[in-house]
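Working notes for the structure below.
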Amino acid sequence: MGDQPKKPEEEKQAGQVPPAEEKEAVKASSEEEEAPAEAPEKHALGIAGGMAHIFINSPLTPLIFLAALAMGILGLIFTPRQEDPQISVPMIDIFVQYPGASAEQVASLAIDPLERLMSEIPGVKHVYSAAHRGRGMVTVEFHVGQPHIPSLVKLYDKLASNLDLIPPGVSEPLVKPKSVDDVPIINLTFWSKDMDDASLRLLALDVLQRLKEVPNTGIGFIVGGRRTQMRVEALPRRLSGFDMSMDELANTIRTANSERAVGHIELGKSNYKVFSGHFLRTAPEIARLVVGIRNNQPVYVSDLANVYQGPEETRSFVTYYTGPAGEDNPPGNGEPAVTLAIAKKKGSNGVTVAKDILAMVDSLKGELIPDNVYVAVTRNYGKTANDKVNELLFKLFLVTIAVTVLVLFTLGIRPAFVVFTVIPVVILVTVFGAMALHYTIDRVSLFALVFAIGILVDDAIVVIENIYRRWLLQGTTDLDTAVDAVREVGNPTIVATFTVIAALMPMAFVPGMMGPYME
């Protein structure tokens with residue numbers, strides 16, 4: 001019998017495929033081989049990826065970078081510099097006079113009621129007091145962070161609304177506020193080998209008057225030196241011999257030392273005001289005053305007292321010494337001296353104010369300050385604050401260089417360049433923001449910047465490393481992959497940064513003196 005044709009099932013079992021099916025199988029196989037790889041799944045870019053997508057090719061990016069750099073430089077120049085933050089702790093002294101009263105009477109009748117009134121003011125932390133014979137003082141301390149001017153207004157309001165409670169014989173309260181801005185930024189010591197302390201004090205008063213012309217200068221005062229005064233020493237035997245009293249002598253001098261308007265004079269189209277008397281200026285003028293008439297003869301002040309003009313009794317004394325590290329001035333060895341101290345206004349830059357004061361003093365040498373008087377700068381808060389701020393800024397940039405070198409050896413030159421340019425700009429923009437928010441550049445804020453650099457660099461390294469990883473997996477360096485890499489780790493990095501901020505947030509609510517430092 002001839003061979004029977006095999007059925008398709010038998011051919012499949014025998015491993016033989018019909019030609020038609022073979023062609024279809026080959027076609028399907030080739031289509032599978034030629035099919036492209038499945039495209040990566042696209043995700044929403046989120047905040048970090050969206051920002052990277054916007055700025056990675058934008059022509060505004062370098063302009064924004066340059067604008068931020070310019071703003072940061074302006075902030076670095078114009079932001080006030082100080083050693084420590086300005087902390088508002090209002091302290092107000094209240095003085096009362098009670099002539100003739102003992103310390104116990106002053107305390108019970110004047111000081112204790114005043115203490116109770118002051119303790120009723122909102123924001124007051126402590127009230128202190130001291131009583132002496134004939135006078136007393138109450139010190140009111142407000143809580144840290146209380147605004148100075150509103151606190152002073154509240155105190156004045158409380159005093160004014162209770163003036164009717166002042167006991168008879170007690171003077172109206174004298175209020176003298178104190179603040180951290182009253183601390184001098186410049187101390188100038190005037191000393192000479194040829195002049196006494198009284199003459200140096202007069203010179204320092206003239207110099208202080210000229211220094212008040214410098215912008216942003218605050219309170220100024222002089223330490224040391226005897227004031228010039230007219231001294232009248234009554235002679236009891238002379239007073240008894242002329243049958244006159246101390247009151248008559250004092251009233252004569254008091255009445256003569258005045259000017260009074262007595263009328264007007266019209267000459268043509270002009271009108272002149274006429275004054276009678278004048279202020280006493282010299283000892284002979286006082287000595288020639290007539291106290292009264294005895295035996296038809298005038299009795300002068302010189303008949304009843306010794307009158308002379310000169311320094312007062314010494315209350316405070318300043319001497320000047322120099323050591324091996326003294327300045328270029330001649331060495332001092334206990335010469336008489338006076339110290340001029342001057343503060344700055346609140347919110348002003350202590351560095352520039354100190355420089356302007358010293359420049360004014362240099363211009364007064366040879367004009368107002370004689371050649372035989374030397375000026376020693378015994379305190380320069382502006383210089384010390386500027387030196388410490390510059391030192392910390394230098395260390396900030398030194399840390400930036402160290403991080404740049406580390407990135408250079410681990411990730412390459414392009415990431416290192418990014419770190420080297422971005423971190424200083426971020427620091428400078430932060431300084432500009434501090435200026436806009438009325439903060440100062442000080443040691444505390446700069447230490448906070450040092451801490452922030454660590455977070456900033458850590459986040460940047462995480463993002464850059466992920467971009468490199470994606471490029472290595474992709475085999476190409478394209479921008480879409482970089483944006484997607486930022487999308488992968490950008491949002492978690494932002495969340496991690498906010499986590500660190502949340503961990504440090506309780507420090508902003510620390511009470512007491514440390515609170516403003518932590519803010």
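Going by the structure tokens order, chains are called A, B, ..., each with residues numbered from 1, while ligands are numbered from 1 in the order shown.
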Extract, using only C-alpha atoms, all DNA, RNA and protein residues at most 9 Å from Val405 in chain A, discarding same-chain residues fewer than 5 positions from it, and format them as a compact mmCIF listing (two decimals) with N, CA and C atoms, in the first residue's frame.
```txt
# COMPACT_ATOMS: atom_id res chain seq x y z
N THR A 400 32.85 76.45 52.87
CA THR A 400 32.38 76.26 51.50
C THR A 400 33.48 75.70 50.61
N THR A 410 34.94 63.63 44.67
CA THR A 410 33.98 62.53 44.71
C THR A 410 33.01 62.53 43.53
N ALA A 416 31.23 70.39 41.74
CA ALA A 416 32.02 71.23 42.64
C ALA A 416 31.83 72.71 42.31
```
query: Out of range 350-512 of chain A, which residues get strand (DSSP E) from DSSP, as a count of residues only?
result: 8
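Comparing the minimum interatomic distances between Ala485 in chain A and each of A:Phe397, A:Val351, A:His53, A:Ile111, counting only C-alpha atoms, we find that A:His53 sits nearest.
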For Lys395 in chain A, the nearest of the candidates A:Phe447, A:Tyr156, A:Tyr468, A:Phe417, counting only C-alpha atoms: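 Smallest distance to Lys395 in chain A is found for A:Phe447.
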- request: Please provide as a list in words all residues within 8 Å of Val375 in chain A, with the sequence filter that same-chain residues fewer than 5 positions apart are discarded (counting only C-alpha atoms).
  value: Leu188, Thr189, Phe190 and Trp191 of chain A
message: What's the separation between CA of Leu364 in chain A and CA of Arg201 in chain A, in Å to one decimal place?
response: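 Rounded to one decimal, the two atoms are 16.0 Å apart.
The residue that comes closest to Ile453 in chain A, out of A:Thr319, A:Leu155, A:Val425, A:Val399 and on the basis of only C-alpha atoms, is A:Val399.
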message: Could you tell me how far CA of Val124 in chain A sits from CA of Phe95 in chain A, in Å to one decimal place?
response: 17.9 Å
- prompt: Ile92 in chain A: which residues within 8 Å, counting only C-alpha atoms, same-chain residues fewer than 4 positions away excluded, as number ranges by chain?
  reply: A: 139-141, 152, 175-178
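Note that the spacing between CA of Ile401 in chain A and CA of Phe420 in chain A amounts to 6.8 Å.
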- request: Would you mind telling me which residue in A:Ala385, A:Val422, A:Glu285, A:Pro415 lies nearest to Glu465 in chain A when using only C-alpha atoms?
  value: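 When distances to Glu465 in chain A are compared using only C-alpha atoms, the smallest one comes from A:Pro415.
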Leaving out range 83-91 of chain A and any residue of its chain fewer than 6 positions from it, which residues lie within 7 Å of it when counting only C-alpha atoms, given as a compact mmCIF listing (two decimals) with C-alpha atoms, in the first residue's frame?
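Final output, around-v7.txt:
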```txt
# COMPACT_ATOMS: atom_id res chain seq x y z
CA THR A 139 13.44 100.07 89.18
CA VAL A 140 10.87 98.42 86.91
CA GLU A 141 12.02 95.45 84.82
CA PHE A 142 9.79 94.21 82.00
CA HIS A 143 9.76 90.75 80.49
CA VAL A 144 12.33 89.93 77.81
CA GLY A 145 11.07 90.86 74.37
CA GLN A 146 8.66 93.57 75.52
CA PRO A 147 8.88 96.58 73.16
CA HIS A 148 10.72 99.46 74.78
CA PRO A 177 14.61 104.59 81.00
CA LYS A 178 17.58 102.32 80.34
CA SER A 179 18.19 100.04 77.37
CA ALA A 385 32.12 93.55 66.28
CA THR A 440 21.59 92.11 62.48
CA ASP A 442 26.11 88.87 64.80
CA ARG A 443 27.75 85.78 66.20
CA VAL A 444 24.51 83.95 66.89
CA PRO A 516 15.70 86.06 71.64
CA TYR A 517 18.98 84.23 71.02
```
task: Select, from A:Thr228, A:Ser192, A:Asn162, A:Ser108, the residue with the minimum atom-to-atom distance to Pro311 in chain A, counting only C-alpha atoms.
output: A:Thr228
Closest of A:Ile121, A:Leu205, A:Gly224, A:Ala110 to Asp157 in chain A - atom-to-atom distances counting only C-alpha atoms: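 Of the candidates, the smallest distance to Asp157 in chain A is held by A:Ile121.
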task: Name all residues at most 12 Å from Pro168 in chain A (count only C-alpha atoms; drop same-chain ones fewer than 5 positions away) and give them as number ranges by chain.
output: A: 97-99, 101, 106, 109-110, 163
query: Leu114 in chain A: which residues within 10 Å, counting only C-alpha atoms, same-chain residues fewer than 2 positions away excluded, as a list in words?
result: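 Result of the neighbour search: Ile94, Val96, Ala107, Ser108, Leu109, Ala110, Ile111, Asp112, Arg116, Leu117, Met118, Ser119, Val127, Ser129, Met137, Val138, Leu159, Asn162, Leu165, Ile166 and Pro173 of chain A.
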